[in-house]
file final.cif (mmCIF, C-alpha atoms and all ligand atoms)
data_target
#
loop_
_atom_site.label_atom_id
_atom_site.label_comp_id
_atom_site.auth_asym_id
_atom_site.auth_seq_id
_atom_site.Cartn_x
_atom_site.Cartn_y
_atom_site.Cartn_z
CA MET A 21 -25.13 -0.75 -8.38
CA ALA A 22 -24.32 1.37 -5.36
CA LYS A 23 -26.64 4.26 -4.69
CA ALA A 24 -25.52 7.64 -6.01
CA PRO A 25 -23.51 9.46 -3.36
CA GLN A 26 -25.42 11.99 -1.30
CA VAL A 27 -23.96 15.49 -0.99
CA LEU A 28 -25.14 17.99 1.58
CA VAL A 29 -24.66 21.58 0.37
CA VAL A 30 -24.66 24.14 3.20
CA GLU A 31 -24.77 27.58 1.61
CA ASP A 32 -26.81 30.65 2.47
CA GLU A 33 -26.40 32.38 -0.91
CA ALA A 34 -29.44 31.03 -2.73
CA ALA A 35 -28.03 31.56 -6.23
CA LEU A 36 -24.83 29.67 -5.42
CA ALA A 37 -26.75 26.90 -3.63
CA ASP A 38 -28.96 26.46 -6.72
CA LEU A 39 -25.98 26.44 -9.05
CA LEU A 40 -24.20 23.83 -6.93
CA LYS A 41 -27.31 21.67 -6.72
CA TYR A 42 -27.85 21.84 -10.48
CA ASN A 43 -24.25 20.93 -11.33
CA LEU A 44 -23.91 18.22 -8.71
CA GLU A 45 -27.13 16.53 -9.79
CA ARG A 46 -26.00 16.67 -13.39
CA GLU A 47 -22.82 14.91 -12.25
CA GLY A 48 -24.94 12.13 -10.74
CA TYR A 49 -24.97 13.05 -7.06
CA ARG A 50 -28.05 13.22 -4.90
CA VAL A 51 -28.14 16.67 -3.33
CA SER A 52 -29.67 18.17 -0.20
CA VAL A 53 -29.39 21.87 0.64
CA ALA A 54 -29.31 23.63 4.00
CA THR A 55 -29.15 27.42 4.23
CA ASP A 56 -27.89 28.00 7.76
CA GLY A 57 -25.81 26.30 10.41
CA GLU A 58 -28.71 24.96 12.47
CA GLU A 59 -30.48 23.54 9.43
CA ALA A 60 -27.21 21.90 8.35
CA MET A 61 -27.16 19.81 11.53
CA VAL A 62 -30.80 18.76 11.07
CA VAL A 63 -30.39 17.82 7.40
CA ALA A 64 -27.10 16.01 8.07
CA GLU A 65 -28.93 13.81 10.55
CA GLU A 66 -31.83 13.22 8.14
CA VAL A 67 -29.92 12.32 4.99
CA ALA A 68 -26.61 10.88 6.31
CA PRO A 69 -24.55 12.53 3.53
CA ASP A 70 -21.47 10.90 2.00
CA LEU A 71 -19.88 14.30 1.60
CA ILE A 72 -20.57 17.83 2.87
CA LEU A 73 -19.89 21.12 1.09
CA LEU A 74 -19.86 23.72 3.82
CA ASP A 75 -19.83 27.50 3.49
CA TRP A 76 -17.54 29.27 5.99
CA MET A 77 -19.81 32.25 6.74
CA LEU A 78 -23.33 31.13 7.61
CA PRO A 79 -26.24 32.49 9.62
CA LYS A 80 -26.97 30.96 13.05
CA ALA A 81 -23.82 28.85 13.32
CA SER A 82 -20.59 29.45 11.38
CA GLY A 83 -19.08 26.85 9.07
CA VAL A 84 -16.34 26.22 11.62
CA GLU A 85 -18.90 25.66 14.37
CA VAL A 86 -20.94 23.34 12.12
CA CYS A 87 -17.76 21.45 11.25
CA ARG A 88 -16.92 21.05 14.93
CA ARG A 89 -20.42 19.76 15.71
CA LEU A 90 -20.39 17.34 12.76
CA ARG A 91 -17.05 15.95 13.92
CA ALA A 92 -18.42 15.48 17.43
CA ARG A 93 -21.18 13.21 16.14
CA GLN A 94 -20.51 9.54 15.57
CA GLU A 95 -22.43 9.43 12.26
CA THR A 96 -20.54 12.32 10.66
CA ARG A 97 -17.20 11.96 12.39
CA ASN A 98 -15.50 10.67 9.24
CA THR A 99 -17.70 12.29 6.59
CA PRO A 100 -15.52 14.33 4.22
CA ILE A 101 -16.14 18.06 4.56
CA VAL A 102 -15.08 20.53 1.88
CA MET A 103 -15.18 24.11 3.12
CA LEU A 104 -16.17 26.97 0.82
CA THR A 105 -14.61 30.29 1.72
CA ALA A 106 -14.33 33.80 0.34
CA ARG A 107 -10.79 35.00 -0.36
CA ASP A 108 -10.83 37.48 2.54
CA GLU A 109 -11.94 34.73 4.94
CA GLU A 110 -9.07 32.46 4.00
CA THR A 111 -7.11 32.25 7.21
CA ASP A 112 -4.16 30.25 8.47
CA ARG A 113 -6.70 28.17 10.26
CA ILE A 114 -8.38 26.98 7.11
CA ARG A 115 -5.07 26.71 5.25
CA GLY A 116 -3.87 24.29 7.91
CA LEU A 117 -7.33 22.69 7.91
CA ASP A 118 -7.33 22.50 11.68
CA THR A 119 -11.01 23.32 11.45
CA GLY A 120 -11.75 19.60 10.97
CA ALA A 121 -12.43 20.07 7.25
CA ASP A 122 -10.72 17.84 4.68
CA ASP A 123 -10.29 20.36 1.95
CA TYR A 124 -11.34 23.86 1.02
CA LEU A 125 -12.11 25.93 -2.02
CA VAL A 126 -11.81 29.69 -2.28
CA LYS A 127 -14.73 31.55 -3.87
CA PRO A 128 -15.15 32.23 -6.68
CA PHE A 129 -14.14 28.73 -7.78
CA SER A 130 -14.80 27.10 -11.12
CA MET A 131 -17.46 24.42 -11.15
CA ASN A 132 -15.02 22.10 -12.94
CA GLU A 133 -12.50 22.49 -10.17
CA LEU A 134 -15.14 21.79 -7.53
CA LEU A 135 -16.32 18.67 -9.36
CA ALA A 136 -12.74 17.44 -9.77
CA ARG A 137 -12.11 17.85 -6.05
CA LEU A 138 -15.29 16.01 -5.18
CA ARG A 139 -14.41 13.17 -7.54
CA ALA A 140 -11.02 12.89 -5.81
CA VAL A 141 -12.72 12.80 -2.40
CA MET A 142 -15.20 10.16 -3.60
CA ARG A 143 -12.38 8.01 -4.97
CA ARG A 144 -10.79 8.13 -1.55
CA ILE A 145 -13.94 7.26 0.37
CA ARG A 146 -15.41 4.75 -2.08
CA PRO A 147 -12.54 2.64 -3.33
CA GLY A 148 -13.05 -0.65 -5.17
CA LEU A 149 -14.96 -3.34 -3.32
CA ALA A 150 -12.05 -5.76 -3.73
CA ASP A 151 -10.02 -3.73 -1.27
CA ASP A 152 -12.59 -3.21 1.45
CA LYS A 153 -10.18 -4.29 4.12
CA LEU A 154 -6.46 -3.76 4.53
CA ILE A 155 -4.43 -5.79 7.00
CA CYS A 156 -0.83 -5.13 8.05
CA GLY A 157 0.54 -6.99 11.04
CA ASP A 158 -1.86 -6.37 13.91
CA ILE A 159 -3.54 -3.39 12.18
CA THR A 160 -6.81 -3.79 10.31
CA LEU A 161 -8.41 -0.98 8.33
CA ASP A 162 -11.97 -1.38 7.11
CA ARG A 163 -12.77 1.09 4.35
CA VAL A 164 -16.51 0.40 4.38
CA SER A 165 -17.20 0.87 8.07
CA HIS A 166 -14.26 3.32 8.37
CA ARG A 167 -12.96 1.40 11.34
CA VAL A 168 -9.40 0.74 12.35
CA LYS A 169 -8.31 -1.85 14.85
CA ARG A 170 -4.95 -2.62 16.34
CA ALA A 171 -4.57 -5.96 18.09
CA GLY A 172 -8.35 -6.10 18.31
CA ARG A 173 -8.57 -2.69 19.98
CA GLU A 174 -10.61 -0.01 18.21
CA ILE A 175 -8.52 2.97 17.06
CA HIS A 176 -10.26 6.31 16.60
CA LEU A 177 -8.83 8.36 13.77
CA GLY A 178 -9.76 11.64 12.14
CA PRO A 179 -10.51 11.51 8.39
CA THR A 180 -7.06 12.69 7.35
CA GLU A 181 -5.25 10.25 9.65
CA PHE A 182 -7.49 7.51 8.29
CA ARG A 183 -6.50 8.32 4.72
CA ILE A 184 -2.80 8.50 5.57
CA LEU A 185 -2.95 5.11 7.25
CA ASP A 186 -4.92 3.71 4.29
CA HIS A 187 -2.22 4.96 1.95
CA LEU A 188 0.68 3.64 4.04
CA MET A 189 -1.06 0.26 4.44
CA GLN A 190 -1.40 -0.09 0.68
CA HIS A 191 2.40 -0.03 0.41
CA PRO A 192 3.90 -1.37 3.63
CA GLY A 193 7.62 -0.78 3.96
CA ARG A 194 7.71 1.83 1.25
CA VAL A 195 8.97 5.26 2.22
CA PHE A 196 6.85 8.25 1.20
CA SER A 197 8.10 11.80 1.25
CA ARG A 198 5.87 14.49 2.72
CA GLU A 199 5.22 15.74 -0.80
CA GLN A 200 4.16 12.29 -1.98
CA LEU A 201 1.81 11.96 0.97
CA LEU A 202 0.38 15.40 0.25
CA ASP A 203 -0.32 14.39 -3.35
CA SER A 204 -1.86 11.05 -2.47
CA VAL A 205 -3.81 12.01 0.60
CA TRP A 206 -4.76 15.64 0.01
CA GLY A 207 -4.59 15.76 -3.78
CA SER A 208 -2.01 17.53 -5.93
CA ASP A 209 -4.14 20.64 -6.50
CA VAL A 210 -4.57 21.43 -2.82
CA TYR A 211 -2.28 23.87 -1.05
CA VAL A 212 -1.14 22.31 2.21
CA GLU A 213 2.22 22.89 3.82
CA ALA A 214 4.56 19.94 4.23
CA ARG A 215 4.68 20.36 8.00
CA THR A 216 0.93 19.64 8.09
CA VAL A 217 1.87 16.07 7.17
CA ASP A 218 4.04 15.86 10.31
CA VAL A 219 1.14 17.06 12.44
CA HIS A 220 -1.20 14.39 11.08
CA ILE A 221 1.46 11.67 11.31
CA GLY A 222 1.92 12.70 14.94
CA ARG A 223 -1.80 12.29 15.59
CA LEU A 224 -1.87 8.96 13.78
CA ARG A 225 1.05 7.69 15.87
CA LYS A 226 -0.57 8.81 19.08
CA ALA A 227 -3.79 7.00 18.19
CA LEU A 228 -2.04 3.79 17.10
CA ASN A 229 0.37 3.54 20.01
CA ILE A 230 -1.86 3.72 23.06
CA GLY A 231 -0.98 0.23 24.32
CA ASP A 232 2.49 -1.30 24.67
CA GLU A 233 2.68 -2.01 20.96
CA SER A 234 5.72 -0.82 19.08
CA ASP A 235 5.43 2.23 16.84
CA PRO A 236 4.58 0.97 13.33
CA ILE A 237 5.42 4.25 11.63
CA ARG A 238 9.03 4.74 10.77
CA THR A 239 10.38 8.25 10.30
CA VAL A 240 13.12 8.22 7.70
CA ARG A 241 15.25 11.28 8.27
CA SER A 242 14.95 13.85 5.50
CA ALA A 243 13.10 11.28 3.39
CA GLY A 244 9.66 10.76 4.91
CA TYR A 245 7.55 8.07 6.49
CA SER A 246 6.71 4.42 6.05
CA LEU A 247 4.63 1.79 7.73
CA ASP A 248 7.04 -0.82 8.91
CA LEU A 249 5.66 -3.40 11.30
CA ALA A 250 8.64 -5.71 10.89
CA THR A 251 11.08 -2.99 11.86
CA ALA A 252 8.84 -1.88 14.69
CA ASP A 253 8.80 -5.38 16.15
CA ALA A 254 12.54 -5.87 15.93
CA CA B 1 -22.13 32.61 3.24
#

call {"tool": "encode", "arguments": {"input": "final.cif", "output": "structure tokens"}}
result
Amino acid sequence: MAKAPQVLVVEDEAALADLLKYNLEREGYRVSVATDGEEAMVVAEEVAPDLILLDWMLPKASGVEVCRRLRARQETRNTPIVMLTARDEETDRIRGLDTGADDYLVKPFSMNELLARLRAVMRRIRPGLADDKLICGDITLDRVSHRVKRAGREIHLGPTEFRILDHLMQHPGRVFSREQLLDSVWGSDVYVEARTVDVHIGRLRKALNIGDESDPIRTVRSAGYSLDLATADA
């Protein structure tokens, strides 16, 4: 049996932190709590969390700053981060998730909704052992080590780009609309604009196509995207 996933809760409101800890533990997670931005970095290093719940407004270092620092570290570069934000803090920045977070929830949220989101995130990061590795043409994606290689060269991807590539590699040649990618990669209950998909596809392309290799991602006008190595090689 795999160890229970470890969640790091970063929340300065003690009552909410306690409530989250209680509910997450009941759901089977191991939980660590940090109450400010500095402590979050220390605890993240100590416990190597599988997932981080991060409050937006924190003492010492803001949620955005903590997110930036976590992304800059090798160990937490791909760790899913779910941001918690008050309604009046919900900005375009967090809507577009260009903070580096994977998802966000607006306070007050229902515990059931939070748990459902976390389950969706865990399904994405801990898929069945049978499919630990996906291979398409010269691209290899390792879901356990979270590494992607193209023609033997290491490709560095953000967590969202990684999930998009994972999804496309599961169905090579198949065309996905932006809406389908939003549902599969972000989850159907998350509000993300369709153009956000284009932004992440752009980043994914840039990362994959550093050498002379042909572009494996096909843009199908007004339909969407597909991974098409055969077409790319032609
Ligand atoms: Ca707060």

call {"tool": "closest_atom_pairs", "arguments": {"input": "final.cif", "of": "chain A", "to": "ligand CA 1 (chain B)", "cutoff": "9 Å", "atoms": "all atoms listed in the file", "output": "CSV"}}
result
residue,atom,partner,partner_atom,distance
A:Val30,CA,B:CA1,CA,8.8
A:Glu31,CA,B:CA1,CA,5.9
A:Asp32,CA,B:CA1,CA,5.1
A:Glu33,CA,B:CA1,CA,6.0
A:Thr55,CA,B:CA1,CA,8.8
A:Asp56,CA,B:CA1,CA,8.7
A:Asp75,CA,B:CA1,CA,5.6
A:Trp76,CA,B:CA1,CA,6.3
A:Met77,CA,B:CA1,CA,4.2
A:Leu78,CA,B:CA1,CA,4.8
A:Pro79,CA,B:CA1,CA,7.6
A:Ser82,CA,B:CA1,CA,8.9
A:Gly83,CA,B:CA1,CA,8.7
A:Leu104,CA,B:CA1,CA,8.6
A:Thr105,CA,B:CA1,CA,8.0
A:Ala106,CA,B:CA1,CA,8.4

call {"tool": "residues_around", "arguments": {"input": "final.cif", "residues": "segment 42-48 of chain A", "least_positions_apart": "2", "cutoff": "12 Å", "atoms": "only C-alpha atoms", "output": "PyMOL selection string"}}
result
chain A and resi 23-29+35-40+50-53+71+73+130-136+138-139

call {"tool": "write_last_selection", "arguments": {"input": "final.cif", "atoms": "C-alpha atoms", "output": "tab-separated table (two decimals), keeping the file's coordinate frame"}}
result
chain	number	residue	atom	x	y	z
A	23	LYS	CA	-26.64	4.26	-4.69
A	24	ALA	CA	-25.52	7.64	-6.01
A	25	PRO	CA	-23.51	9.46	-3.36
A	26	GLN	CA	-25.42	11.99	-1.30
A	27	VAL	CA	-23.96	15.49	-0.99
A	28	LEU	CA	-25.14	17.99	1.58
A	29	VAL	CA	-24.66	21.58	0.37
A	35	ALA	CA	-28.03	31.56	-6.23
A	36	LEU	CA	-24.83	29.67	-5.42
A	37	ALA	CA	-26.75	26.90	-3.63
A	38	ASP	CA	-28.96	26.46	-6.72
A	39	LEU	CA	-25.98	26.44	-9.05
A	40	LEU	CA	-24.20	23.83	-6.93
A	50	ARG	CA	-28.05	13.22	-4.90
A	51	VAL	CA	-28.14	16.67	-3.33
A	52	SER	CA	-29.67	18.17	-0.20
A	53	VAL	CA	-29.39	21.87	0.64
A	71	LEU	CA	-19.88	14.30	1.60
A	73	LEU	CA	-19.89	21.12	1.09
A	130	SER	CA	-14.80	27.10	-11.12
A	131	MET	CA	-17.46	24.42	-11.15
A	132	ASN	CA	-15.02	22.10	-12.94
A	133	GLU	CA	-12.50	22.49	-10.17
A	134	LEU	CA	-15.14	21.79	-7.53
A	135	LEU	CA	-16.32	18.67	-9.36
A	136	ALA	CA	-12.74	17.44	-9.77
A	138	LEU	CA	-15.29	16.01	-5.18
A	139	ARG	CA	-14.41	13.17	-7.54

call {"tool": "closest_atom_pairs", "arguments": {"input": "final.cif", "of": "segment 48-147 of chain A", "to": "segment 189-205 of chain A", "cutoff": "12 Å", "atoms": "only C-alpha atoms", "output": "JSON lines"}}
result
{"residue": "A:Asp122", "atom": "CA", "partner": "A:Val205", "partner_atom": "CA", "distance": 9.9}
{"residue": "A:Asp123", "atom": "CA", "partner": "A:Val205", "partner_atom": "CA", "distance": 10.7}
{"residue": "A:Ala140", "atom": "CA", "partner": "A:Val205", "partner_atom": "CA", "distance": 9.7}
{"residue": "A:Val141", "atom": "CA", "partner": "A:Val205", "partner_atom": "CA", "distance": 9.4}
{"residue": "A:Arg143", "atom": "CA", "partner": "A:Val205", "partner_atom": "CA", "distance": 11.0}
{"residue": "A:Arg144", "atom": "CA", "partner": "A:Val205", "partner_atom": "CA", "distance": 8.3}
{"residue": "A:Ile145", "atom": "CA", "partner": "A:Val205", "partner_atom": "CA", "distance": 11.2}

call {"tool": "closest_residue", "arguments": {"input": "final.cif", "among": "A:Cys156, A:Leu74, A:Ala243, A:Val67", "to": "Ala121 of chain A", "atoms": "all atoms listed in the file"}}
result
A:Leu74

call {"tool": "atom_distance", "arguments": {"input": "final.cif", "atom1": "atom CA of Arg97 of chain A", "atom2": "atom CA of Phe129 of chain A"}}
result
26.4 Å

call {"tool": "atom_distance", "arguments": {"input": "final.cif", "atom1": "atom CA of Asp108 of chain A", "atom2": "atom CA of Tyr211 of chain A"}}
result
16.5 Å

call {"tool": "closest_residue", "arguments": {"input": "final.cif", "among": "A:Ala60, A:Glu110, A:Thr160, A:Pro179", "to": "Arg91 of chain A", "atoms": "all atoms listed in the file"}}
result
A:Pro179

call {"tool": "atom_distance", "arguments": {"input": "final.cif", "atom1": "atom CA of Leu125 of chain A", "atom2": "atom CA of Val102 of chain A"}}
result
7.3 Å

call {"tool": "closest_atom_pairs", "arguments": {"input": "final.cif", "of": "segment 82-161 of chain A", "to": "segment 226-231 of chain A", "cutoff": "12 Å", "atoms": "only C-alpha atoms", "output": "JSON lines"}}
result
{"residue": "A:Asp158", "atom": "CA", "partner": "A:Leu228", "partner_atom": "CA", "distance": 10.7}
{"residue": "A:Ile159", "atom": "CA", "partner": "A:Leu228", "partner_atom": "CA", "distance": 8.8}
{"residue": "A:Thr160", "atom": "CA", "partner": "A:Leu228", "partner_atom": "CA", "distance": 11.2}
{"residue": "A:Leu161", "atom": "CA", "partner": "A:Leu228", "partner_atom": "CA", "distance": 11.8}

call {"tool": "closest_residue", "arguments": {"input": "final.cif", "among": "A:Val84, A:Ala34, A:Leu90, A:Ile101", "to": "Val62 of chain A", "atoms": "only C-alpha atoms"}}
result
A:Leu90

call {"tool": "closest_residue", "arguments": {"input": "final.cif", "among": "A:Asp70, A:Phe182, A:Met61, A:Asp218", "to": "Arg88 of chain A", "atoms": "only C-alpha atoms"}}
result
A:Met61

call {"tool": "residues_near_point", "arguments": {"input": "final.cif", "point": "(-14.3, 5.4, 14.0)", "cutoff": "9 Å", "atoms": "only C-alpha atoms", "output": "VMD selection string"}}
result
chain A and resid 94 97 to 98 165 to 168 174 to 178

call {"tool": "closest_residue", "arguments": {"input": "final.cif", "among": "A:Gly157, A:Pro128, A:Gly120, A:Gly222", "to": "Leu247 of chain A", "atoms": "all atoms listed in the file"}}
result
A:Gly157

call {"tool": "closest_residue", "arguments": {"input": "final.cif", "among": "A:Arg93, A:Arg238, A:Arg137, A:Lys127", "to": "Arg225 of chain A", "atoms": "all atoms listed in the file"}}
result
A:Arg238

call {"tool": "axis_aligned_box", "arguments": {"input": "final.cif", "around": "segment 211-228 of chain A", "padding_each_side": "5 Å", "output": "JSON"}}
result
{"center_x": 0.4, "center_y": 13.8, "center_z": 9.0, "size_x": 18.5, "size_y": 30.1, "size_z": 30.1}

call {"tool": "build_atoms", "arguments": {"input": "final.cif", "residues": "segment 231-252 of chain A", "atoms": "N, CA, C and O atoms", "output": "mmCIF file, in the coordinates of the input"}}
result
data_model
loop_
_atom_site.group_PDB
_atom_site.id
_atom_site.type_symbol
_atom_site.label_atom_id
_atom_site.label_comp_id
_atom_site.auth_asym_id
_atom_site.auth_seq_id
_atom_site.Cartn_x
_atom_site.Cartn_y
_atom_site.Cartn_z
ATOM 1 N N GLY A 231 -1.404 1.367 23.478
ATOM 2 C CA GLY A 231 -0.980 0.230 24.320
ATOM 3 C C GLY A 231 0.535 0.115 24.373
ATOM 4 O O GLY A 231 1.256 1.096 24.214
ATOM 5 N N ASP A 232 1.029 -1.098 24.600
ATOM 6 C CA ASP A 232 2.490 -1.300 24.670
ATOM 7 C C ASP A 232 3.062 -1.631 23.300
ATOM 8 O O ASP A 232 4.240 -1.941 23.191
ATOM 9 N N GLU A 233 2.193 -1.610 22.269
ATOM 10 C CA GLU A 233 2.680 -2.010 20.960
ATOM 11 C C GLU A 233 3.800 -1.083 20.493
ATOM 12 O O GLU A 233 3.866 0.075 20.877
ATOM 13 N N SER A 234 4.645 -1.630 19.623
ATOM 14 C CA SER A 234 5.720 -0.820 19.080
ATOM 15 C C SER A 234 5.163 0.122 18.012
ATOM 16 O O SER A 234 4.130 -0.158 17.408
ATOM 17 N N ASP A 235 5.859 1.217 17.814
ATOM 18 C CA ASP A 235 5.430 2.230 16.840
ATOM 19 C C ASP A 235 5.584 1.689 15.414
ATOM 20 O O ASP A 235 6.697 1.382 15.001
ATOM 21 N N PRO A 236 4.477 1.540 14.676
ATOM 22 C CA PRO A 236 4.580 0.970 13.330
ATOM 23 C C PRO A 236 5.038 1.975 12.276
ATOM 24 O O PRO A 236 5.350 1.597 11.152
ATOM 25 N N ILE A 237 5.052 3.250 12.640
ATOM 26 C CA ILE A 237 5.420 4.250 11.630
ATOM 27 C C ILE A 237 6.884 4.634 11.806
ATOM 28 O O ILE A 237 7.320 5.045 12.874
ATOM 29 N N ARG A 238 7.602 4.459 10.734
ATOM 30 C CA ARG A 238 9.030 4.740 10.770
ATOM 31 C C ARG A 238 9.264 6.113 10.161
ATOM 32 O O ARG A 238 8.751 6.411 9.081
ATOM 33 N N THR A 239 9.991 6.949 10.860
ATOM 34 C CA THR A 239 10.380 8.250 10.300
ATOM 35 C C THR A 239 11.755 8.068 9.670
ATOM 36 O O THR A 239 12.691 7.625 10.338
ATOM 37 N N VAL A 240 11.837 8.363 8.388
ATOM 38 C CA VAL A 240 13.120 8.220 7.700
ATOM 39 C C VAL A 240 13.665 9.627 7.530
ATOM 40 O O VAL A 240 13.069 10.437 6.819
ATOM 41 N N ARG A 241 14.744 9.908 8.225
ATOM 42 C CA ARG A 241 15.250 11.280 8.270
ATOM 43 C C ARG A 241 15.440 11.881 6.897
ATOM 44 O O ARG A 241 16.034 11.253 6.023
ATOM 45 N N SER A 242 14.898 13.061 6.733
ATOM 46 C CA SER A 242 14.950 13.850 5.500
ATOM 47 C C SER A 242 14.359 13.127 4.290
ATOM 48 O O SER A 242 14.456 13.594 3.175
ATOM 49 N N ALA A 243 13.736 11.962 4.516
ATOM 50 C CA ALA A 243 13.100 11.280 3.390
ATOM 51 C C ALA A 243 11.581 11.238 3.562
ATOM 52 O O ALA A 243 10.838 11.627 2.671
ATOM 53 N N GLY A 244 11.101 10.819 4.717
ATOM 54 C CA GLY A 244 9.660 10.760 4.910
ATOM 55 C C GLY A 244 9.243 9.690 5.895
ATOM 56 O O GLY A 244 9.921 9.457 6.890
ATOM 57 N N TYR A 245 8.139 9.026 5.553
ATOM 58 C CA TYR A 245 7.550 8.070 6.490
ATOM 59 C C TYR A 245 7.227 6.761 5.790
ATOM 60 O O TYR A 245 6.929 6.739 4.601
ATOM 61 N N SER A 246 7.218 5.686 6.584
ATOM 62 C CA SER A 246 6.710 4.420 6.050
ATOM 63 C C SER A 246 6.063 3.630 7.172
ATOM 64 O O SER A 246 6.285 3.905 8.359
ATOM 65 N N LEU A 247 5.237 2.699 6.765
ATOM 66 C CA LEU A 247 4.630 1.790 7.730
ATOM 67 C C LEU A 247 5.491 0.544 7.731
ATOM 68 O O LEU A 247 5.660 -0.095 6.703
ATOM 69 N N ASP A 248 6.041 0.232 8.880
ATOM 70 C CA ASP A 248 7.040 -0.820 8.910
ATOM 71 C C ASP A 248 6.869 -1.658 10.171
ATOM 72 O O ASP A 248 7.533 -1.415 11.169
ATOM 73 N N LEU A 249 5.951 -2.601 10.115
ATOM 74 C CA LEU A 249 5.660 -3.400 11.300
ATOM 75 C C LEU A 249 6.827 -4.310 11.660
ATOM 76 O O LEU A 249 7.092 -4.542 12.815
ATOM 77 N N ALA A 250 7.514 -4.811 10.636
ATOM 78 C CA ALA A 250 8.640 -5.710 10.890
ATOM 79 C C ALA A 250 9.727 -4.968 11.663
ATOM 80 O O ALA A 250 10.225 -5.448 12.684
ATOM 81 N N THR A 251 10.054 -3.781 11.201
ATOM 82 C CA THR A 251 11.080 -2.990 11.860
ATOM 83 C C THR A 251 10.651 -2.627 13.274
ATOM 84 O O THR A 251 11.418 -2.677 14.221
ATOM 85 N N ALA A 252 9.348 -2.296 13.382
ATOM 86 C CA ALA A 252 8.840 -1.880 14.690
ATOM 87 C C ALA A 252 8.938 -3.006 15.698
ATOM 88 O O ALA A 252 9.163 -2.761 16.881
#
